[in-house]
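Visitor: Right, I'll just put the structure down here and ask away after.
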Amino acid sequence: MVDNTIVNVALPSLGRSLDAGVSGLQWIVDAYTLVFAGLLLTGGYLGDRFGHRRILVLGIVGFAGVSVLAASSSTLGQLIAARGGLGLFAALVFPATLAIITTMFVGAAERATAVGIWAAASGVAVAIGPVLGGALLEHYSWESVFWVNVPFGAVALAAVLLVVPSVAPHAVSRFDWLGLILSAAGLGLLIYTVIEAPHVGWIAARTLLGLAVSMILLACFVRRQKVVDHPILDVRLFANRRFATAAVMISVAFFALFGFIFLITQYFQAVKGYGTLESGLRTLPFAVVMALLSPVAMWLSQRFGPRAVVSVGAFAMSGGFALVELASRFSGYWELIVWAMVLMAGGLAFISGPCTQLVMDSLKPEQVGAGSAVNDTTREFGGTLGVAVLGSILTSAYVAGVGERLSGIGVPDSVREVAERSVMAGVSVADQAPGGSGEVIRTAVHTVFVDGLHDAVWAAVAVTAAAGVAAIALLREGPRSDAGSELLDRRGVESGHDGVTGIDDEVLAGDGVGTVGRQPDGRIGDRLRR
């Protein structure tokens with residue numbers, strides 16, 4: 001997650017050093033996202049088959065190794081290829097982490113705490129990336145943002161080898177090559193289409209064709225999973241209302257998070273005039289709140305149920321975005337922006353952990369890797385869609401508005417066209433303008449950008465508020481039978497699976513299963529299986 005955000009800070013340096021245009025810089029970022037999202041389900045499946053610790057170690061070693069190649073790149077093509085390689089190994093790491101946590105922590109309370117910490121780590125990393133990148137670039141060249149992955153990887157590898165146990169994978173059927181190909185092609189094309197849509201147009205033939213073909217590929221994957229004896233992912237899980245709603249809520253939360261980061265970074269740098277390190281430091285309250293509230297959210301979810309916690313989280317995010325509607329080019333950081341970030345970070349913490357646990361608790365033991373990949377894929381797709389949609393709204397409003405404003409004050413067409421490329425280009429035009437015209441151009445650029453920011457933020461307000469309503473309606477408890485039969489249905493024991501995780505000690509002590517012994521490896525004894 002640090003690598004995914006730290007590179008954004010280095011893009012200006014990369015553009016100068018590698019003679020990269022806007023398209024090239026975009027693909028430095030998007031090559032990682034495209035490969036990562038497309039292969040997450042594959043990474044989870046490999047962990048289910050060959051052991052999550054083994055796949056995690058392979059992913060860490062590969063990620064660190066490819067980081068060296070990225071830091072050593074001398075051409076744009078080499079760096080884009082290396083970024084794709086980083087995405088590949090990240091797709092091995094991410095599903096394995098959550099799958100291992102689910103396997104190691106079998107008690108409901110301790111698993112909730114562990115998942116809360118896991119969710120907090122991801123949110124904190126998103127905010128730390130720009131700070132770390134800004135600090136490195138103040139003292140070193142762009143290569144440093146890739147070299148930093150090597151010591152991170154070494155520490156992570158040592159910790160995994162020392163403390164993470166190796167658990168033999170559950171028995172599985174023949175390798176489903178066709179399923180993996182369909183999932184990677186469908187998800188990859190879908191992410192690629194969303195990435196390109198803001199540039200070619202959301203209703204362009206290319207976009208519509210990409211969406212249609214990706215849906216066909218994913219439909220073929222679903223059909224394949226329904227007929228194969230041992231599916232990569234039990235797609236029938238999406239008929240479970242709570243599972244499906246939790247997955248969508250995670251996607252909405254990261255739609256808001258990545259969209260907000262995209263918007264606020266430009267606001268900090270273009271409107272407020274902060275440098276890269278200053279901008280990064282001003283995102284730290286987000287990380288602090290996320291770290292503090294993620295475990296609290298899991299405790300509240302255990303105490304009051306995920307429905308209440310998740311719905312509050314969605315409305316908090318919506319409130320945070322609504323505060324941004326009050327922002328102007330004169331707004332102070334401590335007077336307004338930081339409070340919007342606090343609400344958004346708290347909302348994300350209240351959604352991410354509880355919904356992740358809802359997803360993972362719906363899975364059979366032999367599918368925790370693939371299930372973790374579903375959780376990660378919804379996060380990545382939501383984030384990509386957030387940048388694409390909110391970015392499109394902002395860009396459309398900015399281009400239309402700044403062209404009209406600058407034409408109205410007599411700016412030459414050639415200069416106006418440069419300013420229309422982006423808000424940073426508009427600020428650069430203002431800096432180079434002679435005499436007092438520079439301040440007039442800067443005022444126009446800032447005013448139009450803030451108007452576009454408001455338009456984009458309204459979309460985020462609506463999406464997160466609608467998610468809050470959906471959480472209230474769809475995350476309600478279903479009809480309950482006795483604890484024992486509900487437990488059997490949820491964990492798949494009646495189907496003959498040889499392990500059950502995540503069972504409350506209180507449930508074990510109940511009348512129905514109180515005489516069942518827990519085995520040393522955390523599994524439930526033979527009597528419950530029978």
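We label chains A, B, ... in the order they appear in the structure tokens, count residues from 1 in each chain, and number ligands from 1 in the order shown.
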Quick one: everything within 9 Å of A:Asp455, counting only C-alpha atoms, minus sequence neighbours fewer than 4 positions away in the same chain. Send it as a list of chain:residue names.

Guide: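 Close residues of A:Asp455: A:Glu325, A:Leu390, A:Ile393, A:Leu394, A:Ala397, A:Val450, A:Asp451, A:Ala459.
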
Visitor: How close does stretch 334-410 of chain A get to stretch 293-310 of chain A? List, as a Markdown table, each residue of stretch 334-410 of chain A within 6 Å, its nearest atom pair and the distance in Å to one decimal, counting only C-alpha atoms.

Guide:
| residue | atom | partner | partner_atom | distance |
| --- | --- | --- | --- | --- |
| A:Ala349 | CA | A:Ser294 | CA | 4.7 |
| A:Phe350 | CA | A:Ala297 | CA | 5.1 |
| A:Ile351 | CA | A:Val310 | CA | 4.8 |
| A:Pro354 | CA | A:Pro306 | CA | 5.9 |

Visitor: Keeping only C-alpha atoms, write the selected residues as a PDB file, in the first residue's frame.

Guide:
ATOM      1  CA  ALA A 349     -12.415   2.534   9.995  1.00  0.00           C
ATOM      2  CA  PHE A 350     -16.039   1.743  10.861  1.00  0.00           C
ATOM      3  CA  ILE A 351     -16.645   0.169   7.438  1.00  0.00           C
ATOM      4  CA  PRO A 354     -16.378  -5.047  10.247  1.00  0.00           C
TER       5      PRO A 354
END

Visitor: Considering only helix (DSSP H, G or I) as DSSP defines it on the backbone, what residues of stretch 19-261 of chain A qualify? List them as number ranges by chain.

Guide: A: 22-50, 52-71, 76-104, 108-139, 144-147, 149-163, 177-200, 205-227, 235-239, 241-261

Visitor: Would you compute the distance between atom CA of A:Trp202 and atom CA of A:Ala471? Give it in Å to one decimal.

Guide: 28.3 Å

Visitor: Could you make a table, as JSON lines, of the residues of stretch 221-300 of chain A that have an atom within 10 Å of an atom of stretch 36-46 of chain A, each with its nearest atom pair and distance in Å to one decimal, counting only C-alpha atoms, in chain and number order?

Guide:
{"residue": "A:Pro231", "atom": "CA", "partner": "A:Tyr45", "partner_atom": "CA", "distance": 9.7}
{"residue": "A:Ile232", "atom": "CA", "partner": "A:Tyr45", "partner_atom": "CA", "distance": 6.2}
{"residue": "A:Leu233", "atom": "CA", "partner": "A:Tyr45", "partner_atom": "CA", "distance": 8.3}

Visitor: Counting only C-alpha atoms, what is within 12 Å of A:Asp376, bar same-chain residues fewer than 4 positions away, as an MDAnalysis selection string?

Guide: chainID A and resid 1 33 36:44 90:99 119 122 247:248 250:251 254 352 355:356 359:360 369:372 380:383

Visitor: Take the residues from that selection and put them in a file with C-alpha atoms, as a PDB file, in the first residue's frame.

Guide:
ATOM      1  CA  MET A   1       0.000   0.000   0.000  1.00  0.00           C
ATOM      2  CA  THR A  33      -3.033  -1.288 -10.400  1.00  0.00           C
ATOM      3  CA  PHE A  36      -2.470  -6.235  -9.063  1.00  0.00           C
ATOM      4  CA  ALA A  37      -6.256  -6.154  -9.377  1.00  0.00           C
ATOM      5  CA  GLY A  38      -6.340  -8.634 -12.233  1.00  0.00           C
ATOM      6  CA  LEU A  39      -4.320 -11.286 -10.382  1.00  0.00           C
ATOM      7  CA  LEU A  40      -5.603 -10.960  -6.807  1.00  0.00           C
ATOM      8  CA  LEU A  41      -7.991 -13.891  -7.184  1.00  0.00           C
ATOM      9  CA  THR A  42      -5.176 -15.960  -8.687  1.00  0.00           C
ATOM     10  CA  GLY A  43      -2.903 -15.093  -5.757  1.00  0.00           C
ATOM     11  CA  GLY A  44      -5.546 -16.140  -3.240  1.00  0.00           C
ATOM     12  CA  ALA A  90       1.642  -7.707  -4.478  1.00  0.00           C
ATOM     13  CA  ALA A  91      -1.233  -9.904  -5.678  1.00  0.00           C
ATOM     14  CA  LEU A  92       0.474 -12.833  -3.922  1.00  0.00           C
ATOM     15  CA  VAL A  93       1.069 -10.919  -0.675  1.00  0.00           C
ATOM     16  CA  PHE A  94      -2.293  -9.280  -0.059  1.00  0.00           C
ATOM     17  CA  PRO A  95      -4.675 -12.283  -0.007  1.00  0.00           C
ATOM     18  CA  ALA A  96      -2.178 -14.336   2.017  1.00  0.00           C
ATOM     19  CA  THR A  97      -2.073 -11.797   4.854  1.00  0.00           C
ATOM     20  CA  LEU A  98      -5.785 -11.857   5.584  1.00  0.00           C
ATOM     21  CA  ALA A  99      -6.042 -15.609   5.008  1.00  0.00           C
ATOM     22  CA  ALA A 119      -7.563  -2.809   8.246  1.00  0.00           C
ATOM     23  CA  SER A 122      -3.794  -0.570   5.127  1.00  0.00           C
ATOM     24  CA  ALA A 247     -18.209  -6.581  -0.269  1.00  0.00           C
ATOM     25  CA  VAL A 248     -20.015  -3.629  -1.870  1.00  0.00           C
ATOM     26  CA  ILE A 250     -15.799  -2.099   1.159  1.00  0.00           C
ATOM     27  CA  SER A 251     -15.761  -1.039  -2.475  1.00  0.00           C
ATOM     28  CA  PHE A 254     -12.308   2.789  -0.943  1.00  0.00           C
ATOM     29  CA  SER A 352     -13.410  -1.593   6.526  1.00  0.00           C
ATOM     30  CA  CYS A 355     -17.167  -5.642   6.566  1.00  0.00           C
ATOM     31  CA  THR A 356     -13.916  -7.531   6.081  1.00  0.00           C
ATOM     32  CA  VAL A 359     -16.718 -11.452   4.230  1.00  0.00           C
ATOM     33  CA  MET A 360     -14.163 -13.765   5.832  1.00  0.00           C
ATOM     34  CA  GLY A 369      -7.328 -17.178   0.241  1.00  0.00           C
ATOM     35  CA  ALA A 370      -9.776 -16.733  -2.605  1.00  0.00           C
ATOM     36  CA  GLY A 371     -12.202 -15.009  -0.238  1.00  0.00           C
ATOM     37  CA  SER A 372      -9.493 -12.654   0.944  1.00  0.00           C
ATOM     38  CA  GLU A 380      -8.872  -2.051  -5.468  1.00  0.00           C
ATOM     39  CA  PHE A 381     -11.788  -1.778  -7.884  1.00  0.00           C
ATOM     40  CA  GLY A 382     -13.535   0.729  -5.626  1.00  0.00           C
ATOM     41  CA  GLY A 383     -10.385   2.844  -5.343  1.00  0.00           C
TER      42      GLY A 383
END

Visitor: May I have the residues within 12 Å of A:Ser396 as a PyMOL selection string, using only C-alpha atoms and disregarding those fewer than 2 positions away in the same chain?

Guide: chain A and resi 198-199+201-202+388-394+398-403+420-423+448-449+451-453+455-456

Visitor: Which residues are near A:Ser141? Cut-off 12 Å, only C-alpha atoms, ignore same chain within fewer than 6 positions. Put them as a list in words.

Guide: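 Final neighbour list, sorted by chain and number: Val9, Ala10, Leu11, Pro12, Ser13, Leu14, Arg16, Ser17, Ala71, Ser72, Gly133, Gly134, Ala135, Trp147 and Val148 of chain A.
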